[in-house]
Amino acid sequence: MVIIKVTRNSQITIPKDIREKLDIKEGDIVEIRTELGKIVIEKIENDIWDDCSDFLPENFEKILKEIRSDATKRFKRMGILP
């Protein structure tokens with residue numbers, strides 16, 4: 001058991017040993033909820049796109065790359081980008 005202090009801004013730090021056990025790193029997403037009067041913090045494993053990418057075409061990455069490339073060329077012509 002680890003005891004931590006709540007800061008002035010109602011923040012807490014997840015102790016290093018717990019972060020390591022759960023493989024929580026900077027940028028990871030965690031869910032915080034209450035269960036039977038306790039606070040539960042759970043790492044969210046799924047990337048948001050894992051749950052909603054079924055509707056995308058198989059070559060979506062290629063299409064997106066082409067759109068970005070075309071936009072970059074147009075912005076350069078307009079003088080927005082060097």
# chains A, B, ... in the order shown; residues from 1 in each chain; ligands from 1

$ residues_around --residues "segment 31-44 of chain A" --least-positions-apart "3" --cutoff "12 Å" --atoms "only C-alpha atoms" --output "ChimeraX atom specification"
/A:12-14,18-28,47-48,50

$ write_last_selection --atoms "C-alpha atoms" --output "short mmCIF file (atom, residue, chain, number, x, y, z; two decimals), in the first residue's frame"
data_model
loop_
_atom_site.label_atom_id
_atom_site.label_comp_id
_atom_site.auth_asym_id
_atom_site.auth_seq_id
_atom_site.Cartn_x
_atom_site.Cartn_y
_atom_site.Cartn_z
CA ILE A 12 -2.19 13.20 -7.18
CA THR A 13 0.88 11.45 -8.57
CA ILE A 14 0.71 7.77 -9.42
CA ILE A 18 2.52 1.25 -9.65
CA ARG A 19 3.15 2.97 -13.01
CA GLU A 20 5.78 0.36 -13.80
CA LYS A 21 3.54 -2.57 -12.79
CA LEU A 22 0.75 -1.29 -15.04
CA ASP A 23 3.13 -0.05 -17.76
CA ILE A 24 1.69 3.47 -17.58
CA LYS A 25 3.82 5.97 -19.49
CA GLU A 26 3.56 9.64 -20.37
CA GLY A 27 0.73 10.15 -22.86
CA ASP A 28 -1.16 7.00 -21.88
CA ASP A 47 -6.32 3.13 -29.18
CA ILE A 48 -9.47 5.10 -30.00
CA ASP A 50 -9.12 0.44 -32.82
#

$ select_by_dssp --residues "chain A" --states "strand (DSSP E or B)" --output "PyMOL selection string"
chain A and resi 30-35+38-43

$ write_last_selection --atoms "C-alpha atoms" --output "mmCIF file, in the first residue's frame"
data_model
loop_
_atom_site.group_PDB
_atom_site.id
_atom_site.type_symbol
_atom_site.label_atom_id
_atom_site.label_comp_id
_atom_site.auth_asym_id
_atom_site.auth_seq_id
_atom_site.Cartn_x
_atom_site.Cartn_y
_atom_site.Cartn_z
ATOM 1 C CA VAL A 30 -6.335 6.160 -17.832
ATOM 2 C CA GLU A 31 -9.936 5.877 -16.684
ATOM 3 C CA ILE A 32 -10.831 7.084 -13.193
ATOM 4 C CA ARG A 33 -14.070 5.920 -11.575
ATOM 5 C CA THR A 34 -15.528 5.118 -8.192
ATOM 6 C CA GLU A 35 -16.535 1.635 -7.067
ATOM 7 C CA LYS A 38 -13.166 3.672 -3.665
ATOM 8 C CA ILE A 39 -11.314 5.398 -6.491
ATOM 9 C CA VAL A 40 -10.235 3.052 -9.285
ATOM 10 C CA ILE A 41 -7.641 4.111 -11.869
ATOM 11 C CA GLU A 42 -7.369 1.816 -14.882
ATOM 12 C CA LYS A 43 -5.078 2.076 -17.902
#

$ residues_around --residues "Thr72 of chain A" --least-positions-apart "5" --cutoff "9 Å" --atoms "only C-alpha atoms" --output "PDB file with C-alpha atoms, in the first residue's frame"
ATOM      1  CA  ILE A  67      -4.514  14.478 -49.259  1.00  0.00           C
ATOM      2  CA  ARG A  77       1.669  27.800 -54.110  1.00  0.00           C
ATOM      3  CA  LEU A  81       4.309  27.521 -46.473  1.00  0.00           C
TER       4      LEU A  81
END

$ select_by_dssp --residues "chain A" --states "alpha helix (DSSP H)" --output "VMD selection string"
chain A and resid 16 to 22 48 to 52 60 to 78

$ atom_distance --atom1 "atom CA of Lys76 of chain A" --atom2 "atom CA of Pro57 of chain A"
28.8 Å

$ closest_residue --among "A:Met78, A:Leu64, A:Met1, A:Ile29" --to "Glu45 of chain A" --atoms "only C-alpha atoms"
A:Ile29

$ atom_distance --atom1 "atom CA of Asn59 of chain A" --atom2 "atom CA of Pro82 of chain A"
29.6 Å
